[in-house]
Structure formats: C-alpha cells, structure tokens
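*Asks:* Please find work_38.cif (mmCIF, C-alpha atoms and all ligand atoms) on the next line:
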```cif
data_coords
loop_
_atom_site.label_atom_id
_atom_site.label_comp_id
_atom_site.auth_asym_id
_atom_site.auth_seq_id
_atom_site.Cartn_x
_atom_site.Cartn_y
_atom_site.Cartn_z
CA MET A 925 125.04 185.61 35.53
CA GLN A 926 127.14 187.51 32.98
CA GLY A 927 130.78 187.32 34.10
CA LYS A 928 129.97 185.62 37.41
CA ARG A 929 132.75 183.32 38.55
CA CYS A 930 131.18 180.12 39.89
CA VAL A 931 132.01 176.85 41.59
CA VAL A 932 129.58 173.93 41.47
CA THR A 933 130.41 170.83 43.55
CA GLY A 934 128.91 167.50 42.56
CA GLY A 935 128.77 168.99 39.08
CA GLY A 936 129.10 165.71 37.21
CA SER A 937 125.44 164.75 37.38
CA GLY A 938 121.90 165.65 38.37
CA ILE A 939 121.18 169.00 39.98
CA GLY A 940 124.86 170.04 39.92
CA ARG A 941 125.21 169.44 36.19
CA ALA A 942 121.94 171.23 35.39
CA SER A 943 123.00 174.21 37.53
CA ALA A 944 126.47 174.40 35.97
CA GLN A 945 124.87 174.35 32.51
CA ARG A 946 122.36 177.07 33.43
CA PHE A 947 125.02 179.31 35.06
CA ALA A 948 127.17 179.02 31.92
CA ALA A 949 124.23 179.51 29.55
CA GLU A 950 123.56 182.81 31.31
CA GLY A 951 127.15 183.98 30.88
CA GLY A 952 128.82 182.63 34.04
CA GLN A 953 132.24 180.99 34.13
CA VAL A 954 131.97 177.68 35.93
CA LEU A 955 134.46 175.45 37.74
CA VAL A 956 132.78 172.05 37.75
CA VAL A 957 133.94 169.95 40.71
CA GLY A 958 133.51 166.24 41.35
CA ARG A 959 135.22 163.29 42.93
CA SER A 960 136.28 161.69 39.64
CA ALA A 961 137.10 162.97 36.18
CA GLY A 962 134.67 161.30 33.74
CA ASN A 963 131.36 162.88 34.66
CA ILE A 964 132.67 166.40 35.30
CA ASP A 965 134.57 166.32 32.00
CA GLU A 966 131.28 165.45 30.33
CA THR A 967 129.55 168.41 32.00
CA VAL A 968 132.34 170.72 30.83
CA ALA A 969 132.11 169.31 27.29
CA LEU A 970 128.34 169.95 27.23
CA ILE A 971 128.85 173.54 28.42
CA ARG A 972 131.62 174.23 25.91
CA ALA A 973 129.62 172.68 23.06
CA ALA A 974 126.89 175.19 23.87
CA GLY A 975 129.43 178.06 23.72
CA GLY A 976 129.91 178.45 27.49
CA ILE A 977 133.00 178.74 29.68
CA ALA A 978 133.82 175.93 32.11
CA GLU A 979 136.69 173.97 33.60
CA ALA A 980 136.73 170.69 35.48
CA MET A 981 138.49 169.94 38.76
CA VAL A 982 138.65 166.68 40.65
CA ALA A 983 138.26 167.35 44.37
CA ASP A 984 136.54 165.94 47.42
CA ALA A 985 134.01 168.43 48.80
CA THR A 986 134.60 167.02 52.30
CA ALA A 987 138.41 167.45 52.33
CA GLU A 988 139.44 170.86 53.61
CA ALA A 989 142.63 171.12 51.53
CA ASP A 990 140.64 170.19 48.40
CA VAL A 991 137.96 172.82 49.04
CA LYS A 992 140.58 175.49 49.60
CA ALA A 993 142.31 174.39 46.38
CA VAL A 994 138.98 174.61 44.51
CA VAL A 995 138.45 178.20 45.65
CA ASP A 996 142.07 179.09 44.79
CA ARG A 997 141.65 177.53 41.33
CA CYS A 998 138.46 179.51 40.68
CA VAL A 999 140.22 182.73 41.67
CA ALA A 1000 143.29 181.85 39.55
CA ALA A 1001 141.31 180.74 36.49
CA PHE A 1002 138.54 183.34 36.47
CA GLY A 1003 139.99 186.22 38.56
CA GLY A 1004 137.74 185.81 41.62
CA ILE A 1005 134.79 183.89 43.02
CA ASP A 1006 131.21 185.17 43.05
CA VAL A 1007 129.16 181.99 43.49
CA PHE A 1008 129.72 178.71 45.33
CA LEU A 1009 126.97 176.11 44.87
CA ALA A 1010 127.65 173.50 47.57
CA ASN A 1011 125.66 170.74 45.91
CA ALA A 1012 127.66 167.57 46.64
CA GLY A 1013 125.84 165.27 49.00
CA SER A 1014 124.95 161.68 49.79
CA PRO A 1015 121.68 159.99 50.77
CA GLY A 1016 122.34 157.52 53.60
CA THR A 1017 120.53 154.22 54.01
CA ASN A 1018 117.01 153.23 54.99
CA ALA A 1019 118.23 151.70 58.27
CA SER A 1020 115.70 151.88 61.11
CA ILE A 1021 116.38 154.07 64.12
CA PHE A 1022 117.90 151.15 66.07
CA GLU A 1023 120.08 150.17 63.10
CA GLN A 1024 121.68 153.59 62.68
CA THR A 1025 125.46 153.28 62.77
CA VAL A 1026 128.23 155.67 63.68
CA ASP A 1027 129.85 154.93 60.32
CA GLU A 1028 126.75 156.01 58.40
CA TRP A 1029 126.36 159.19 60.47
CA ASN A 1030 130.01 160.08 60.02
CA GLU A 1031 129.75 159.54 56.26
CA VAL A 1032 126.42 161.26 55.64
CA TRP A 1033 127.11 164.20 57.94
CA ARG A 1034 130.53 164.62 56.35
CA ASP A 1035 129.12 164.58 52.82
CA ASN A 1036 126.19 166.91 53.59
CA ALA A 1037 126.98 169.09 56.61
CA LEU A 1038 130.78 169.24 56.69
CA SER A 1039 131.01 169.87 52.93
CA SER A 1040 128.64 172.82 53.38
CA MET A 1041 130.67 174.25 56.24
CA LEU A 1042 133.90 174.00 54.22
CA ALA A 1043 132.23 175.80 51.31
CA VAL A 1044 131.14 178.62 53.61
CA LYS A 1045 134.55 178.84 55.27
CA HIS A 1046 136.70 178.83 52.15
CA ALA A 1047 134.49 180.61 49.62
CA GLY A 1048 133.55 183.13 52.29
CA GLN A 1049 137.07 184.48 52.74
CA PRO A 1050 137.70 185.85 49.22
CA MET A 1051 134.05 186.90 48.98
CA VAL A 1052 134.34 189.00 52.15
CA ALA A 1053 137.55 190.53 50.77
CA GLN A 1054 135.78 191.48 47.53
CA LYS A 1055 132.66 192.61 49.48
CA GLY A 1056 130.16 190.29 47.86
CA GLY A 1057 129.25 186.81 46.74
CA SER A 1058 126.56 184.18 46.93
CA ILE A 1059 126.96 180.84 48.67
CA ILE A 1060 124.14 178.41 47.98
CA LEU A 1061 123.79 175.24 50.03
CA VAL A 1062 121.76 172.34 48.68
CA SER A 1063 119.66 170.94 51.51
CA SER A 1064 116.46 168.92 51.04
CA ALA A 1065 112.74 169.00 51.75
CA ALA A 1066 113.62 165.96 53.88
CA SER A 1067 115.25 168.38 56.34
CA LEU A 1068 111.85 169.78 57.34
CA ARG A 1069 109.80 166.69 58.16
CA ALA A 1070 110.13 162.94 58.46
CA ASN A 1071 109.64 160.28 55.78
CA ALA A 1072 111.25 161.97 52.78
CA GLY A 1073 114.71 160.50 53.24
CA ALA A 1074 117.00 158.47 55.47
CA ILE A 1075 117.16 159.39 59.17
CA SER A 1076 120.85 160.35 58.93
CA TYR A 1077 120.16 162.32 55.74
CA SER A 1078 117.23 164.33 57.09
CA ALA A 1079 119.12 165.31 60.23
CA SER A 1080 122.27 166.27 58.30
CA LYS A 1081 120.26 168.43 55.89
CA ALA A 1082 118.57 170.15 58.86
CA ALA A 1083 122.10 171.08 59.95
CA VAL A 1084 122.65 172.56 56.49
CA ASN A 1085 119.55 174.75 56.95
CA SER A 1086 120.88 176.04 60.25
CA LEU A 1087 124.27 176.73 58.69
CA ALA A 1088 122.64 178.81 55.94
CA GLN A 1089 121.01 180.98 58.60
CA THR A 1090 123.98 181.25 60.97
CA ALA A 1091 126.49 181.88 58.17
CA ALA A 1092 124.28 184.55 56.59
CA ASN A 1093 124.33 186.33 59.96
CA ALA A 1094 128.04 185.76 60.50
CA PHE A 1095 128.56 187.56 57.16
CA ALA A 1096 126.33 190.50 58.16
CA GLY A 1097 127.62 193.73 56.66
CA THR A 1098 130.03 192.03 54.26
CA GLY A 1099 127.77 191.71 51.22
CA VAL A 1100 128.15 187.93 51.22
CA ARG A 1101 124.82 186.10 51.00
CA VAL A 1102 124.13 182.52 52.09
CA ASN A 1103 120.93 180.65 51.27
CA ALA A 1104 119.76 177.06 51.03
CA ILE A 1105 117.63 175.29 48.44
CA LEU A 1106 115.47 172.40 49.66
CA PRO A 1107 114.61 170.23 46.66
CA GLY A 1108 111.79 167.72 46.76
CA LEU A 1109 112.01 164.46 44.83
CA VAL A 1110 113.97 164.95 41.61
CA GLU A 1111 115.09 162.17 39.25
CA THR A 1112 118.88 161.97 39.40
CA LYS A 1113 121.55 159.35 40.01
CA MET A 1114 120.74 159.60 43.73
CA THR A 1115 117.04 158.75 43.34
CA ARG A 1116 117.12 156.64 40.16
CA LYS A 1117 116.25 153.41 42.01
CA VAL A 1118 112.96 154.90 43.25
CA PHE A 1119 111.95 155.77 39.69
CA GLU A 1120 113.15 152.47 38.20
CA TYR A 1121 111.29 150.50 40.88
CA ALA A 1122 108.07 152.38 40.14
CA ARG A 1123 108.47 152.03 36.36
CA GLU A 1124 109.16 148.30 36.58
CA ARG A 1125 105.82 147.92 38.34
CA GLY A 1126 103.94 150.27 36.03
CA LYS A 1127 103.44 152.68 38.95
CA GLU A 1128 105.29 155.68 37.58
CA GLY A 1129 102.12 157.74 37.78
CA ARG A 1130 102.11 157.23 41.57
CA ILE A 1131 105.40 159.14 41.93
CA GLY A 1132 104.59 162.49 43.44
CA HIS A 1133 100.93 161.66 44.02
CA MET A 1134 101.15 163.23 47.52
CA VAL A 1135 102.69 166.40 46.08
CA PRO A 1136 100.40 169.34 45.22
CA LEU A 1137 101.96 169.56 41.74
CA GLN A 1138 101.49 165.77 41.43
CA ARG A 1139 104.88 164.92 39.96
CA ALA A 1140 108.58 164.73 40.67
CA GLY A 1141 110.85 167.66 39.87
CA ARG A 1142 113.47 168.03 37.17
CA PRO A 1143 117.10 169.05 37.86
CA GLU A 1144 116.54 172.16 35.70
CA GLU A 1145 113.84 173.34 38.12
CA ILE A 1146 116.32 173.32 41.00
CA ALA A 1147 118.92 174.98 38.77
CA ALA A 1148 116.45 177.81 38.16
CA MET A 1149 116.30 178.62 41.88
CA ALA A 1150 120.10 178.29 42.14
CA THR A 1151 120.44 180.80 39.30
CA PHE A 1152 118.08 183.27 40.99
CA LEU A 1153 120.07 183.07 44.26
CA ALA A 1154 123.43 183.22 42.46
CA SER A 1155 122.52 186.21 40.31
CA ASP A 1156 121.91 189.83 41.20
CA ASP A 1157 118.17 189.08 41.04
CA GLY A 1158 118.69 187.58 44.51
CA SER A 1159 120.65 190.59 45.78
CA PHE A 1160 118.34 191.27 48.79
CA VAL A 1161 118.01 187.61 49.78
CA THR A 1162 120.11 185.99 52.49
CA GLY A 1163 119.67 183.49 55.32
CA GLN A 1164 116.68 181.90 53.60
CA LEU A 1165 115.57 178.31 53.00
CA TYR A 1166 113.75 177.81 49.70
CA ALA A 1167 111.79 174.62 49.20
CA VAL A 1168 111.55 173.75 45.50
CA ASP A 1169 109.45 170.67 45.99
CA GLY A 1170 106.16 170.86 44.11
CA GLY A 1171 104.58 172.01 47.36
CA VAL A 1172 105.12 168.82 49.36
CA SER A 1173 106.50 170.63 52.41
CA SER A 1174 103.36 172.77 52.59
CA THR A 1175 101.07 169.85 53.33
CA HIS A 1176 100.23 167.03 55.70
CA PRO A 1177 99.74 163.56 54.24
CA HIS A 1178 96.34 163.58 52.56
CA GLY A 1179 93.89 161.73 50.40
CA LYS A 1180 93.24 163.44 47.08
CA ILE A 1181 90.54 166.07 47.37
CA PRO A 1182 88.83 166.70 44.03
CA VAL A 1183 89.05 170.29 42.79
N1 LIG B 1 117.44 164.13 43.78
C1 LIG B 1 116.66 164.48 44.77
O1 LIG B 1 115.49 164.06 44.84
C2 LIG B 1 117.17 165.42 45.84
C3 LIG B 1 116.24 165.91 46.77
C4 LIG B 1 116.68 166.77 47.76
C5 LIG B 1 118.01 167.14 47.82
N2 LIG B 1 118.91 166.64 46.91
C6 LIG B 1 120.30 167.05 47.04
O2 LIG B 1 120.76 167.55 45.82
C7 LIG B 1 122.19 167.44 45.76
C8 LIG B 1 122.58 166.87 44.40
O3 LIG B 1 122.12 165.53 44.31
P1 LIG B 1 121.49 164.90 42.99
O4 LIG B 1 120.11 164.55 43.29
O5 LIG B 1 121.80 165.77 41.82
O6 LIG B 1 122.26 163.50 42.93
P2 LIG B 1 123.55 163.02 42.13
O7 LIG B 1 123.93 161.73 42.74
O8 LIG B 1 123.29 163.08 40.66
O9 LIG B 1 124.61 164.16 42.47
C9 LIG B 1 125.38 164.20 43.64
C10 LIG B 1 126.78 164.46 43.18
O10 LIG B 1 127.59 164.77 44.31
C11 LIG B 1 128.82 164.12 44.11
N3 LIG B 1 129.47 163.99 45.42
C12 LIG B 1 129.04 163.31 46.50
N4 LIG B 1 129.91 163.45 47.50
C13 LIG B 1 130.92 164.22 47.01
C14 LIG B 1 132.13 164.70 47.55
N5 LIG B 1 132.49 164.38 48.80
N6 LIG B 1 132.92 165.48 46.80
C15 LIG B 1 132.57 165.80 45.53
N7 LIG B 1 131.46 165.38 44.96
C16 LIG B 1 130.65 164.58 45.70
C17 LIG B 1 128.45 162.78 43.50
O11 LIG B 1 129.56 162.17 42.87
C18 LIG B 1 127.38 163.23 42.51
O12 LIG B 1 127.96 163.63 41.27
C19 LIG B 1 122.59 166.57 46.96
O13 LIG B 1 123.09 167.39 47.98
C20 LIG B 1 121.27 165.93 47.36
O14 LIG B 1 121.26 165.58 48.72
C21 LIG B 1 118.51 165.79 45.92
#
```
Go ahead and express the file in the form of structure tokens.
Ligand SMILES: NC(=O)c1ccc[n+]([C@@H]2O[C@H](COP(=O)([O-])OP(=O)(O)OC[C@H]3O[C@@H](n4cnc5c(N)ncnc54)[C@H](O)[C@@H]3O)[C@@H](O)[C@H]2O)c1
*Replies:*
Amino acid sequence: MQGKRCVVTGGGSGIGRASAQRFAAEGGQVLVVGRSAGNIDETVALIRAAGGIAEAMVADATAEADVKAVVDRCVAAFGGIDVFLANAGSPGTNASIFEQTVDEWNEVWRDNALSSMLAVKHAGQPMVAQKGGSIILVSSAASLRANAGAISYSASKAAVNSLAQTAANAFAGTGVRVNAILPGLVETKMTRKVFEYARERGKEGRIGHMVPLQRAGRPEEIAAMATFLASDDGSFVTGQLYAVDGGVSSTHPHGKIPV
C-alpha cells in the first residue's frame, strides 16, 4: 500500500475504521470519510498516533456533490486517487415482507446501492485518466441468500454485487479494477445489538454456531481482504465477489456434524 492514495467511506467505525488503519499502517495515505466529525477525527487520530498519514472529511456517501468533492479532495491532498473503499452502508429493519415500506427501500437502497454507484462514477473518472485504480464495494453475505439480514438490505447488497461485475466490465481495458467484499457477521456498531442480546442471555457462544469457523468475524479480517484488493497483490483481480464470512455462504443450514 506504500504511497497509495485512498478514500474510505464510513471510516469512523467498524470495518471502515479497521480498513483505514490497515491501509495507513501499510504506507497508504487515507482520506477518512463519514457523516459527522467526531468518529472520523478519532480514526485519523489513531492513524496519526501510529505514524500514518490520514485526513478526515465530513461527507454523505449518498450525495453526488459530496462524493465528487471527496474524490477532488483526495486528488488535491494526496496528488491522485488509487483506492476507493465504498464501505458506508445501512442495515434496514426486520419488517416482514408485507410491512416493507417505500421509505425503508429508498433509504437502504440509497445508503447501500446508490452510494456504491456514486463511488464507481466519481472515483472511476480520475482512475481511468491515470490508467489504474481499485474500487472496492462492501456488500454482504446477506446478498447471496436469505435470513442473514433485512429484506431491503439483502436485495440492495445483491445490487452492489451486480454493480461490481458490471462496472469491472465497463472499465475493461482501463486498468481500473472493481471488486466486492461480502462480510459475514462482524461485531460493529451496526450489529452490536445482536451481540449484546446474546451476551445478556449468556448465549454468546451460540453466535456463529452455524458458521463453519464457528464464530463471528472481526473488522480487521475484512480489512485484510480490502487491503489485498486495494494493493498490487490484487492486480489481476476484477469483477469478483469475495465472501469473508467464516464459510457461512458455503453451506446450507445444518446440525453440527462431529469431526
Ligand atoms: N458488521 C457486519 O456484520 C456486516 C456484515 C456484512 C456487511 N457489512 C457492511 O459493512 C459496511 C460497514 O459496516 P460496519 O459493520 O462497519 O458498521 P458501522 O455502523 O460501524 O459502519 C458503517 C458506517 O457507515 C457510515 N455511513 C452510513 N451511511 C453513510 C453515508 N450516507 N455517508 C457516510 N457514511 C455513512 C456510518 O456512520 C458508519 O460509520 C456496511 O456497508 C455494512 O453493510 C457489515
């Protein structure tokens, strides 16, 4: 990641923060983007305290003018843009199929699918001009099958998968790569309630019991895949969907089979 000029949206917490820290630890320069100042400033402070290079920018990943301004700021501050990790997203509600509302779909699709499209559109332009770059979309294992997230969320993340494939092909011959990461359950602000609920009932050990690796993931484990795709190690990889989910998307629901 040495010298790579990076944007991370939703960088004030969870997977975004862990990825921004890892990019910077490996020598990248990182523009940490979030909707409000406090958390992204904290991410930048953590990176700087560890000797890394980072700046914070308040912006809404779903507002086109903001996304364009983010890309312009990265180019102005660091001299170009090599990596855009489109990580900002929102989870939706557990409403049943008959309770789904237009408001929820507009909000969740805007936060997950539209934000991804704007990242591709605006990061893609300078990357095509400089003949290279890596755009990484953060989808979800919930995009592949039912019952791992809200109905609106799963569908919107499936759209993100399709965008990774179509955009990678739209950029054919330009050197710009687009891939998606599909995390499984990871403890972050977004999923904290699930973990707290289980802990309160002494059922923490049940979290991830259907997952081959038998546990939830850590933000750093998603950041590791983001770093591979962002770096030159991923130079022959585009249009791909990488589940980083402890194996859950490889399996049907099952009772535990002893080894
Ligand atoms: N945690 C999990 O189990 C899990 C699983 C699969 C996918 N994901 C995906 O990972 C990504 C990161 O989520 P997380 O788990 O780290 O949760 P998180 O809540 O810690 O991080 C999401 C961040 O995105 C920011 N954000 C949301 N909408 C935004 C917008 N419009 N503009 C700017 N920032 C915005 C939030 O403020 C927050 O900081 C999301 O896209 C999420 O859907 C998470």
*Asks:* Considering all atoms listed in the file, give me a table of residues in chain A that are at most 8 Å from ligand LIG 1 (chain B), with the closest atom pair and distance in Å for each, as CSV.
*Replies:*
```
residue,atom,partner,partner_atom,distance
A:Thr933,CA,B:LIG1,N7,5.7
A:Gly934,CA,B:LIG1,O10,3.5
A:Gly935,CA,B:LIG1,O12,5.8
A:Gly936,CA,B:LIG1,O12,4.7
A:Ser937,CA,B:LIG1,O8,4.3
A:Gly938,CA,B:LIG1,O5,3.5
A:Ile939,CA,B:LIG1,O5,3.8
A:Gly940,CA,B:LIG1,O5,5.6
A:Arg941,CA,B:LIG1,O5,7.5
A:Val957,CA,B:LIG1,C15,6.5
A:Gly958,CA,B:LIG1,N7,4.2
A:Arg959,CA,B:LIG1,C15,4.5
A:Ser960,CA,B:LIG1,O11,7.5
A:Asn963,CA,B:LIG1,O12,7.5
A:Val982,CA,B:LIG1,C15,7.8
A:Ala983,CA,B:LIG1,C15,6.0
A:Asp984,CA,B:LIG1,N6,3.7
A:Ala985,CA,B:LIG1,N6,3.7
A:Thr986,CA,B:LIG1,N5,4.9
A:Ala987,CA,B:LIG1,N5,7.5
A:Ala1010,CA,B:LIG1,O13,7.6
A:Asn1011,CA,B:LIG1,O13,4.7
A:Ala1012,CA,B:LIG1,O10,3.6
A:Gly1013,CA,B:LIG1,O13,3.6
A:Ser1014,CA,B:LIG1,O14,5.5
A:Pro1015,CA,B:LIG1,O14,6.0
A:Arg1034,CA,B:LIG1,N5,7.8
A:Asp1035,CA,B:LIG1,N5,5.2
A:Asn1036,CA,B:LIG1,O13,6.4
A:Ser1039,CA,B:LIG1,N5,7.0
A:Val1062,CA,B:LIG1,O13,5.2
A:Ser1063,CA,B:LIG1,C5,5.5
A:Ser1064,CA,B:LIG1,C4,3.9
A:Ala1065,CA,B:LIG1,C4,6.0
A:Ala1066,CA,B:LIG1,C4,6.9
A:Tyr1077,CA,B:LIG1,O14,7.8
A:Lys1081,CA,B:LIG1,O14,7.8
A:Leu1106,CA,B:LIG1,C4,6.1
A:Pro1107,CA,B:LIG1,C4,4.2
A:Gly1108,CA,B:LIG1,C3,4.8
A:Leu1109,CA,B:LIG1,O1,3.5
A:Val1110,CA,B:LIG1,O1,3.7
A:Glu1111,CA,B:LIG1,N1,5.5
A:Thr1112,CA,B:LIG1,O8,4.7
A:Lys1113,CA,B:LIG1,O8,4.2
A:Met1114,CA,B:LIG1,O7,4.0
A:Thr1115,CA,B:LIG1,N1,5.4
A:Gly1141,CA,B:LIG1,O1,7.7
A:Pro1143,CA,B:LIG1,O5,7.0
```
*Asks:* Within 12 Å of (126.9, 158.2, 62.0), only C-alpha atoms: residues as number ranges by chain?
*Replies:* A: 1016-1017, 1019, 1021, 1023-1035, 1074-1077, 1079-1080
*Asks:* Taking into account only C-alpha atoms, which residue in the set A:Ala1167, A:Ala1147, A:Ser1058, A:Ser1020 is nearest to Ala949 (chain A)?
*Replies:*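 Of A:Ala1167, A:Ala1147, A:Ser1058, A:Ser1020, the one nearest Ala949 (chain A) is A:Ala1147, counting only C-alpha atoms.
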*Asks:* Interatomic distance between CA of Cys998 (chain A) and CA of Lys928 (chain A)?
*Replies:*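 Distance reported for this atom pair: 11.0 Å.
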*Asks:* Taking (108.1, 177.2, 45.3) in the file's coordinates, which residues come within 12 Å, counting only C-alpha atoms, written as a list in words?
*Replies:* Ala1065, Ile1105, Leu1106, Pro1107, Gly1108, Pro1136, Leu1137, Gly1141, Glu1145, Ile1146, Ala1148, Met1149, Leu1165, Tyr1166, Ala1167, Val1168, Asp1169, Gly1170, Gly1171, Val1172, Ser1173 and Ser1174 of chain A
*Asks:* What's the separation between CA of Leu1153 (chain A) and CA of Ala1096 (chain A), in Å to one decimal place?
*Replies:*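 Value for the CA of Leu1153 (chain A)-CA of Ala1096 (chain A) distance: 17.0 Å.
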*Asks:* Excluding Val1161 (chain A) and residues on its chain fewer than 2 positions from it, collect all residues at most 9 Å away from it, counting all atoms listed in the file, and give them as a PyMOL selection string.
*Replies:* chain A and resi 1101-1103+1153+1157-1159+1163-1164
*Asks:* Excluding Ala948 (chain A) and residues on its chain fewer than 3 positions from it, collect all residues at most 7 Å away from it, counting all atoms listed in the file, and give them as a short mmCIF file (atom, residue, chain, number, x, y, z; two decimals) with C-alpha atoms, in the frame of the given file.
*Replies:*
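The resulting file, around.cif, is reproduced below:
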```cif
data_model
loop_
_atom_site.label_atom_id
_atom_site.label_comp_id
_atom_site.auth_asym_id
_atom_site.auth_seq_id
_atom_site.Cartn_x
_atom_site.Cartn_y
_atom_site.Cartn_z
CA ALA A 944 126.47 174.40 35.97
CA GLN A 945 124.87 174.35 32.51
CA GLY A 951 127.15 183.98 30.88
CA GLY A 952 128.82 182.63 34.04
CA GLN A 953 132.24 180.99 34.13
CA VAL A 954 131.97 177.68 35.93
CA ILE A 971 128.85 173.54 28.42
CA GLY A 976 129.91 178.45 27.49
CA ILE A 977 133.00 178.74 29.68
#
```
*Asks:* Lys1055 (chain A): which residues within 12 Å, counting all atoms listed in the file, same-chain residues fewer than 3 positions away excluded, as number ranges by chain?
*Replies:* A: 1004-1006, 1048-1052, 1058, 1095-1101
*Asks:* Once you have the residues from the selection above, write them out as a PDB file, keeping the file's coordinate frame, restricted to C-alpha atoms.
*Replies:*
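Written out: selection_13.pdb:
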```pdb
ATOM      1  CA  GLY A1004     137.740 185.810  41.620  1.00  0.00           C
ATOM      2  CA  ILE A1005     134.790 183.890  43.020  1.00  0.00           C
ATOM      3  CA  ASP A1006     131.210 185.170  43.050  1.00  0.00           C
ATOM      4  CA  GLY A1048     133.550 183.130  52.290  1.00  0.00           C
ATOM      5  CA  GLN A1049     137.070 184.480  52.740  1.00  0.00           C
ATOM      6  CA  PRO A1050     137.700 185.850  49.220  1.00  0.00           C
ATOM      7  CA  MET A1051     134.050 186.900  48.980  1.00  0.00           C
ATOM      8  CA  VAL A1052     134.340 189.000  52.150  1.00  0.00           C
ATOM      9  CA  SER A1058     126.560 184.180  46.930  1.00  0.00           C
ATOM     10  CA  PHE A1095     128.560 187.560  57.160  1.00  0.00           C
ATOM     11  CA  ALA A1096     126.330 190.500  58.160  1.00  0.00           C
ATOM     12  CA  GLY A1097     127.620 193.730  56.660  1.00  0.00           C
ATOM     13  CA  THR A1098     130.030 192.030  54.260  1.00  0.00           C
ATOM     14  CA  GLY A1099     127.770 191.710  51.220  1.00  0.00           C
ATOM     15  CA  VAL A1100     128.150 187.930  51.220  1.00  0.00           C
ATOM     16  CA  ARG A1101     124.820 186.100  51.000  1.00  0.00           C
TER      17      ARG A1101
END
```
*Asks:* Would you work out the distance separating CA of Ala1104 (chain A) from CA of Leu1009 (chain A), expressed in Å to one decimal?
*Replies:*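 Taking CA of Ala1104 (chain A) as the start and CA of Leu1009 (chain A) as the end point, the length is 9.5 Å.
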*Asks:* Would you mind listing what lies within 8 Å of region 1124-1134 of chain A as a compact mmCIF listing (two decimals) with C-alpha atoms, in the frame of the given file, with all atoms listed in the file counted and same-chain residues fewer than 2 positions away left out?
*Replies:*
```txt
# COMPACT_ATOMS: atom_id res chain seq x y z
CA LEU A 1109 112.01 164.46 44.83
CA PHE A 1119 111.95 155.77 39.69
CA GLU A 1120 113.15 152.47 38.20
CA TYR A 1121 111.29 150.50 40.88
CA ALA A 1122 108.07 152.38 40.14
CA PRO A 1136 100.40 169.34 45.22
CA LEU A 1137 101.96 169.56 41.74
CA GLN A 1138 101.49 165.77 41.43
CA ARG A 1139 104.88 164.92 39.96
CA ALA A 1140 108.58 164.73 40.67
CA VAL A 1172 105.12 168.82 49.36
CA PRO A 1177 99.74 163.56 54.24
CA HIS A 1178 96.34 163.58 52.56
CA GLY A 1179 93.89 161.73 50.40
CA LYS A 1180 93.24 163.44 47.08
```
